[in-house]
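Participant: The structure is given below, and queries will be raised subsequently.
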Number of protein chains: 2
Amino acid sequence: VIDPRDYGPDNLPFGIVSDASEGRPRPAVAFGDRVIDLDALVGRKLLDAESLRGAAVLNDFLAAGLDAWRAVRARLQHLVGRAASAEERSGVAACMLARDAVTAHLPVAVGDYVDFYSSIEHATNLGRILRPNAEPLLPNYRHVPIGYHGRSGTVVASGTPIRRPSGQRLPAGASAPEFAPSAMLDVELELGWFAGPGNVLGEPISADDVRSHVFGYVLLNDWSARDIQAWEYQPLGPFLGKSFATSISPWIVTLDALEPFRVAEPARNPQPLPYLTAAESWAYDVELEMLLQTARMRERAQPPLTVSRTNFRAMYWTVAQQLAHVTSNGARIRPGDLFGTGTISGSSQGTQGSFIELTSRGANALSLPDGETRGFLEDGDTVILRGRAVRGDARIGLGHVAGTIVA
Amino acid sequence: VIDPRDYGPDNLPFGIVSDASEGRPRPAVAFGDRVIDLDALVGRKLLDAESLRGAAVLNDFLAAGLDAWRAVRARLQHLVGRAASAEERSGVAACMLARDAVTAHLPVAVGDYVDFYSSIEHATNLGRILRPNAEPLLPNYRHVPIGYHGRSGTVVASGTPIRRPSGQRLPAGASAPEFAPSAMLDVELELGWFAGPGNVLGEPISADDVRSHVFGYVLLNDWSARDIQAWEYQPLGPFLGKSFATSISPWIVTLDALEPFRVAEPARNPQPLPYLTAAESWAYDVELEMLLQTARMRERAQPPLTVSRTNFRAMYWTVAQQLAHVTSNGARIRPGDLFGTGTISGSSQGTQGSFIELTSRGANALSLPDGETRGFLEDGDTVILRGRAVRGDARIGLGHVAGTIVA
């Protein structure tokens, strides 16, 4: 359940919904415990936004660019604010639906999906676990915003059941692999950002052009099968250990909504190369939380248990650096391309964004109610990622992304 | 220039073209030195194929499935054959354009792009060059069809100029990288295959279901910046060293067209796991050639020089195994997803599918006319990949894919 205050008039995150009375998916913003149907609002001529009219995904709106995004946001803030006329108020009221009466869909047709690796604590934690006798960070980490391409066709909406993948894994001590359901199914707590209008092939984007090229953020869970990944990933990187599912939260929170929560970036040594240097700071103070509810907890009506708390503010590489890096070779990005930040972890126990870190690759299983333990995920487990930015009375919710493992 | 005999009535490869008199891209098949406008053919009611009507890409046709593909192929073979009526002949003639008068476009809106690594000779050649003191093949190679996701948004049509990418590279002996234009720009000679209707998320595809799920083949050049790739690729694989451009040939040659050229697969030891075992053989006897023309050669009207000749028949992993592997974890493939085979190489000099192999990473530069040499590609170089299957009178051309490096 998401607190209505997370979706106040300063947030107005964008998504795609349908409801029982009208099955057609259409654009909406979340507002308190309701949503505002933007297609209906355009139809009533209360909002002038051709890119939202009759749209089943937000790609055209993302392509429309910063001025269009800001015009829509300003108009919506007027319509839900005190300056709205009585006629505007009643018109908007007619376009509102209860948030718990709508189904939220994947908001965007994802073009390319890139996943970065931008938390230095995550990279360090993993290095310590996977290469215990070596330097945990590889020599390129502090120079290159490491990333790889994932599978956009398996990006799914929050709530989609996650089928446990099968694949090749090398049993301990064996010389030949077996094909079996993954025994090391894991999550990755991340944020994701959606690209706006994009660039022309061959023309890099500056790290200073974030506002024009980044529409907004979602929560992202990059489900990972660690045993499949460990056997397959040399020399070309993760493939089937990741490509079975990536879940995202339904409501895209805009850059403008998160603007008040920008904070100073962490110190970096050495200084990044000039193309990775932005004039402004692009770190954000966003609180993040991972919760687990097992099938037994659900049967006994026990609420999800928080297994990790962390914050987005300490990421080594920011959205500005990710944007500049991914286009630095001239690569084209397109409206709706999705970029994951990489797993967001701290360095102390209980602040890590994955089970492989939380449990030291299963060696230190988490203790749950009623004597249950977890090294990795079991069938029936539900994982929920939540995010929220709070400062004084200001509050912007990223909502949540949830998924339940099925056999 | 492509020999008209490469596109005989047994081939009829599918593409998307436009011409001066009608700028609108539309589906066509290549036929000799002409193309047949399929949208016009449907308009004249000489072909019943809703998925081709008014289409600017072939995705809907790829989604239509094997029965639809075969019905269209059979109908086209009738229309260009001896059994066609006089009325059919004149109708088809009215839908024909000279092949050299049309512009061929990217035939498909590419969803996900995967690049495999399925030539054991290529993997061995690279292992010897990059890890000279170790076993050239990694332990997983003979078990796993290694692959990774590439950037679908930078897949471009043959003829698109290839801008030399800039990126981070580590100079020899240095401890910190520099950002500069790639000095090790390379090609990868590959075939690519396009997925048909696809599957439901969570439901793997059998290695025996190739005909229902693979529409056809193109030539593919996975342009690679070896210096960028070498610095960035640990631990998550190739990223910006590959994502600036991938070129494909314009005409998709169907599985049925290449059916007579299937040959026995190479012996494998150990036997692949059961999910990677198909009842039929899916190796193909396709001759491949890489040609280079430098700017100086072009100025002096010297024809492109063949720098490599190889064959597709010896690939360690086939399309059947690639199809089964990529979906074995339940991943969804969609109409128009593109799968590269990986660089196709032999083991002897002059049979390798990349410059890093042909020149031992630049150490043994190729000698060209007029004293020019090449370790890697220079600005103004044009690379052309050609492919053709020939047996007796039977002949199926894959055409070519070309690209010229610009600064």
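In the structure tokens, the first chain shown is A, the next is B, and so on; residue numbers restart at 1 for each chain, and ligands run from 1 in the order shown.
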Do me a favour and pick out the residues of chain B within 8 Å of chain A, using only C-alpha atoms, as a PyMOL selection string.

Facilitator: chain B and resi 111-112+138+140+143-144+146-154+163+165-168+176-179+201-202+231-240+243-245+273+326+328-334

Participant: Quick one: everything within 6 Å of A:Pro27, counting only C-alpha atoms, minus sequence neighbours fewer than 4 positions away in the same chain. Send it as a PyMOL selection string.

Facilitator: chain A and resi 15-16+38

Participant: Might you pull out every residue within 7 Å of stretch 212-223 of chain B, with only C-alpha atoms counted and same-chain residues fewer than 3 positions away left off, and present them as a PyMOL selection string?

Facilitator: chain B and resi 62+65-66+186-198+209+242+245-249+251-255+398+400-401

Participant: Can you write out the residues you just picked, keeping C-alpha atoms, as a JSON list (two decimals), in the first residue's frame?

Facilitator:
```json
[["chain", "number", "residue", "atom", "x", "y", "z"],
["B", 62, "LEU", "CA", 7.65, -11.76, -39.34],
["B", 65, "GLY", "CA", 4.47, -16.97, -38.93],
["B", 66, "LEU", "CA", 5.66, -19.87, -41.04],
["B", 186, "ASP", "CA", 37.65, -3.33, -36.64],
["B", 187, "VAL", "CA", 34.90, -5.37, -38.28],
["B", 188, "GLU", "CA", 33.24, -8.66, -37.43],
["B", 189, "LEU", "CA", 32.09, -10.83, -40.32],
["B", 190, "GLU", "CA", 28.86, -12.48, -39.22],
["B", 191, "LEU", "CA", 25.48, -13.68, -40.29],
["B", 192, "GLY", "CA", 22.40, -12.51, -38.42],
["B", 193, "TRP", "CA", 18.97, -14.10, -38.11],
["B", 194, "PHE", "CA", 15.60, -12.50, -37.45],
["B", 195, "ALA", "CA", 13.08, -14.00, -35.05],
["B", 196, "GLY", "CA", 9.56, -14.78, -36.19],
["B", 197, "PRO", "CA", 6.42, -14.78, -34.03],
["B", 198, "GLY", "CA", 8.23, -15.27, -30.75],
["B", 209, "ASP", "CA", 11.38, -25.47, -33.68],
["B", 242, "LYS", "CA", 30.44, -2.31, -29.95],
["B", 245, "ALA", "CA", 27.16, 0.69, -35.13],
["B", 246, "THR", "CA", 26.14, -2.72, -36.43],
["B", 247, "SER", "CA", 25.43, -2.92, -40.18],
["B", 248, "ILE", "CA", 23.23, -5.49, -41.87],
["B", 249, "SER", "CA", 22.59, -6.42, -45.50],
["B", 251, "TRP", "CA", 17.75, -8.51, -48.10],
["B", 252, "ILE", "CA", 16.62, -11.20, -45.64],
["B", 253, "VAL", "CA", 17.16, -14.64, -47.17],
["B", 254, "THR", "CA", 14.56, -17.09, -45.88],
["B", 255, "LEU", "CA", 15.23, -20.44, -44.26],
["B", 398, "LEU", "CA", 23.02, -13.15, -49.39],
["B", 400, "HIS", "CA", 26.45, -7.73, -49.30],
["B", 401, "VAL", "CA", 26.79, -5.32, -46.41]]
```

Participant: Write out as a list in words the residues lying within 8 Å of A:Glu88, counting only C-alpha atoms and excluding same-chain residues fewer than 3 positions away.

Facilitator: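 With the cut-off at 8 Å, the set is Leu46, Leu79, Ala84, Ser85, Gly91 and Val92 of chain A.
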
Participant: Using only C-alpha atoms, which of the listed residues (B:Ala134, B:Leu126, B:Leu12, B:Pro25) sits closest to B:Ser345?

Facilitator: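 Smallest separation from B:Ser345 among the options: B:Leu126.
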
Participant: Which is closest to A:Val319 among A:Asp208, A:Glu289, A:Asp393, A:Asp256, if we use only C-alpha atoms?

Facilitator: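 Closest candidate: A:Asp208.
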
Participant: What parts of stretch 35-250 of chain B does DSSP call strand (DSSP E)? I'd like the answer as a PyMOL selection string.

Facilitator: chain B and resi 35-37+96-98+102-105+113-116+147-150+155-157+162-163+166-169+178-181+185-186+189-195+214-221+224-225+246-248

Participant: Check stretch 125-315 of chain A with DSSP on the backbone and list each residue it calls alpha helix (DSSP H), as a ChimeraX atom specification.

Facilitator: /A:125-130,210-213,226-232,255-258,295-299

Participant: To one decimal in Å, tell me the separation between atom CA of A:Glu22 and atom CA of A:Leu52.

Facilitator: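 One can read the atom CA of A:Glu22 to atom CA of A:Leu52 distance as 16.8 Å.
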
Participant: Which residues are near A:His105? Cut-off 6 Å, only C-alpha atoms, ignore same chain within fewer than 2 positions. Put them as a PDB file with N, CA and C atoms, in the first residue's frame.

Facilitator:
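Done, and the output landed in around_10.pdb:
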```pdb
ATOM      1  N   ILE A  16       0.748   4.444 -17.168  1.00  0.00           N
ATOM      2  CA  ILE A  16      -0.277   3.959 -18.104  1.00  0.00           C
ATOM      3  C   ILE A  16      -1.203   3.034 -17.321  1.00  0.00           C
ATOM      4  N   VAL A  17      -2.506   3.328 -17.378  1.00  0.00           N
ATOM      5  CA  VAL A  17      -3.459   2.533 -16.588  1.00  0.00           C
ATOM      6  C   VAL A  17      -4.638   2.082 -17.456  1.00  0.00           C
ATOM      7  N   PRO A 107       4.796   1.412 -18.501  1.00  0.00           N
ATOM      8  CA  PRO A 107       4.447   2.750 -18.991  1.00  0.00           C
ATOM      9  C   PRO A 107       5.047   3.091 -20.349  1.00  0.00           C
ATOM     10  N   ALA A 157       6.085  -5.143 -15.931  1.00  0.00           N
ATOM     11  CA  ALA A 157       5.477  -4.249 -14.946  1.00  0.00           C
ATOM     12  C   ALA A 157       5.526  -4.870 -13.558  1.00  0.00           C
TER      13      ALA A 157
END
```

Participant: I'd like to know which of A:Arg298, A:His78, A:Arg26, A:Arg128 is closest to A:Leu106, using only C-alpha atoms.

Facilitator: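 Closest candidate: A:Arg26.
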
Participant: Record the distance separating atom CA of B:Ala93 and atom CA of B:Gly336, expressed in Å with one decimal.

Facilitator: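 Those two atoms sit 29.7 Å apart.
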
Participant: Taking only C-alpha atoms into account, name the residue in A:Ala98, A:Leu292, A:Ser118, A:Ala363 that is nearest to A:Asp33.

Facilitator: A:Ala98
